[in-house]
Amino acid sequence: MGGGPSSYPPQMMANQQVAIISPQFCAPYPVDLNIVRKLMTLSEGAFGVTDVNGNIVFKVKSKLFSLRDRRVLLDAAGNPIVTFQQKILSAHRRWQVYRGESTDSKDFLFSVKKSSLLQFKTKLDVFLAHNTKDVCDFRIEGSWFERSCVIYAGNTSTIIAQMHRKHTAQSILLGKDNFGVTVYPNVDYAFIVALVVILEEINEDRSGDD
């Protein structure tokens, strides 16, 4: 396998953007983000996402007292970007994602589900709103427990982002609740963060308090 974060697939080097939420979250260079769970500075949040300098880029807030599991991804200023909601009675743990704070079908962006009911490794399929086929638009594979997952375009070997455990003095202090994501050039990093949040939700559900 050739590719750490520095070997970007040639087809992703072109000016072709993967802008699922917004082109404003696409950068012409790789973006490294840190995902930190249970940040003390987040009053009701589960996640903070920082850049390499430790500046908050996104926050994830739980919608308390809602009928089903619901999360909102906010930018650094607290503006809602997308809302995640688990589909009721979904055997494959399907999550649906909507623009802003909406859960209206006209604002539906994409959904994420387990590719199979019984899984020993992490494998999720991502379907964009307009996709009516059984073929996924993106997929996530790897080991959530190891914090080592790769996000691919469709059923190809084209990597658009990679998740990896952080080995820094700060991450040792924070334990497994701190890990990194490298988003490849021209890929919507808000979309990638949304996928990581859903990945965490699905796996936390399976692993209980682990």
# chains A, B, ... in the order shown; residues from 1 in each chain; ligands from 1
>>> residues_around(residues="range 147-154 of chain A", least_positions_apart="6", cutoff="10 Å", atoms="only C-alpha atoms", output="MDAnalysis selection string")
chainID A and resid 12 18 121:127 135:141 160:166 176:183 192 195:196 199:200
>>> residues_around(residues="Ile20 in chain A", least_positions_apart="4", cutoff="9 Å", atoms="only C-alpha atoms", output="ChimeraX atom specification")
/A:109-110,128,187-188,190-191
>>> write_last_selection(atoms="all heavy atoms", output="PDB file, in the first residue's frame")
ATOM      1  N   LEU A 109     -28.966  16.298   2.878  1.00  0.00           N
ATOM      2  CA  LEU A 109     -27.695  16.296   2.147  1.00  0.00           C
ATOM      3  C   LEU A 109     -27.179  14.888   1.861  1.00  0.00           C
ATOM      4  O   LEU A 109     -26.825  14.560   0.738  1.00  0.00           O
ATOM      5  CB  LEU A 109     -26.624  17.056   2.945  1.00  0.00           C
ATOM      6  CG  LEU A 109     -26.784  18.567   3.048  1.00  0.00           C
ATOM      7  CD1 LEU A 109     -25.766  19.125   4.037  1.00  0.00           C
ATOM      8  CD2 LEU A 109     -26.574  19.209   1.683  1.00  0.00           C
ATOM      9  N   PHE A 110     -27.104  14.052   2.907  1.00  0.00           N
ATOM     10  CA  PHE A 110     -26.590  12.696   2.711  1.00  0.00           C
ATOM     11  C   PHE A 110     -26.953  11.833   3.910  1.00  0.00           C
ATOM     12  O   PHE A 110     -27.391  12.334   4.945  1.00  0.00           O
ATOM     13  CB  PHE A 110     -25.064  12.694   2.503  1.00  0.00           C
ATOM     14  CG  PHE A 110     -24.255  13.251   3.641  1.00  0.00           C
ATOM     15  CD1 PHE A 110     -23.761  12.420   4.653  1.00  0.00           C
ATOM     16  CD2 PHE A 110     -23.955  14.610   3.704  1.00  0.00           C
ATOM     17  CE1 PHE A 110     -23.010  12.931   5.695  1.00  0.00           C
ATOM     18  CE2 PHE A 110     -23.197  15.122   4.744  1.00  0.00           C
ATOM     19  CZ  PHE A 110     -22.728  14.279   5.754  1.00  0.00           C
ATOM     20  N   LEU A 128     -25.308  10.176  -1.037  1.00  0.00           N
ATOM     21  CA  LEU A 128     -25.753  11.567  -1.193  1.00  0.00           C
ATOM     22  C   LEU A 128     -27.258  11.589  -1.437  1.00  0.00           C
ATOM     23  O   LEU A 128     -27.858  10.585  -1.825  1.00  0.00           O
ATOM     24  CB  LEU A 128     -25.000  12.236  -2.338  1.00  0.00           C
ATOM     25  CG  LEU A 128     -23.479  12.329  -2.156  1.00  0.00           C
ATOM     26  CD1 LEU A 128     -22.831  13.025  -3.350  1.00  0.00           C
ATOM     27  CD2 LEU A 128     -23.106  13.052  -0.860  1.00  0.00           C
ATOM     28  N   VAL A 187     -11.114  18.657  -0.847  1.00  0.00           N
ATOM     29  CA  VAL A 187     -12.182  17.861  -0.246  1.00  0.00           C
ATOM     30  C   VAL A 187     -12.814  18.657   0.900  1.00  0.00           C
ATOM     31  O   VAL A 187     -12.102  19.264   1.710  1.00  0.00           O
ATOM     32  CB  VAL A 187     -11.643  16.512   0.276  1.00  0.00           C
ATOM     33  CG1 VAL A 187     -12.733  15.752   1.024  1.00  0.00           C
ATOM     34  CG2 VAL A 187     -11.104  15.666  -0.884  1.00  0.00           C
ATOM     35  N   ASP A 188     -14.114  18.677   0.952  1.00  0.00           N
ATOM     36  CA  ASP A 188     -14.906  19.423   1.939  1.00  0.00           C
ATOM     37  C   ASP A 188     -14.613  18.896   3.358  1.00  0.00           C
ATOM     38  O   ASP A 188     -15.049  17.820   3.732  1.00  0.00           O
ATOM     39  CB  ASP A 188     -16.382  19.211   1.567  1.00  0.00           C
ATOM     40  CG  ASP A 188     -17.359  19.995   2.411  1.00  0.00           C
ATOM     41  OD1 ASP A 188     -17.045  20.271   3.579  1.00  0.00           O
ATOM     42  OD2 ASP A 188     -18.448  20.295   1.896  1.00  0.00           O
ATOM     43  N   ALA A 190     -15.629  20.020   6.248  1.00  0.00           N
ATOM     44  CA  ALA A 190     -16.815  19.974   7.127  1.00  0.00           C
ATOM     45  C   ALA A 190     -17.556  18.645   6.905  1.00  0.00           C
ATOM     46  O   ALA A 190     -18.040  18.024   7.859  1.00  0.00           O
ATOM     47  CB  ALA A 190     -17.744  21.147   6.838  1.00  0.00           C
ATOM     48  N   PHE A 191     -17.613  18.192   5.664  1.00  0.00           N
ATOM     49  CA  PHE A 191     -18.225  16.899   5.333  1.00  0.00           C
ATOM     50  C   PHE A 191     -17.473  15.762   6.022  1.00  0.00           C
ATOM     51  O   PHE A 191     -18.081  14.866   6.615  1.00  0.00           O
ATOM     52  CB  PHE A 191     -18.215  16.724   3.801  1.00  0.00           C
ATOM     53  CG  PHE A 191     -18.575  15.359   3.307  1.00  0.00           C
ATOM     54  CD1 PHE A 191     -19.819  14.802   3.569  1.00  0.00           C
ATOM     55  CD2 PHE A 191     -17.662  14.622   2.549  1.00  0.00           C
ATOM     56  CE1 PHE A 191     -20.154  13.526   3.088  1.00  0.00           C
ATOM     57  CE2 PHE A 191     -17.988  13.357   2.071  1.00  0.00           C
ATOM     58  CZ  PHE A 191     -19.237  12.813   2.349  1.00  0.00           C
TER      59      PHE A 191
END
>>> closest_residue(among="A:Gln86, A:Phe58, A:Ala77, A:Thr50", to="Glu201 in chain A", atoms="only C-alpha atoms")
A:Gln86
>>> residues_around(residues="range 97-108 of chain A", least_positions_apart="5", cutoff="6 Å", atoms="only C-alpha atoms", output="JSON, numbers by chain")
{"A": [80, 81, 82, 83, 84]}
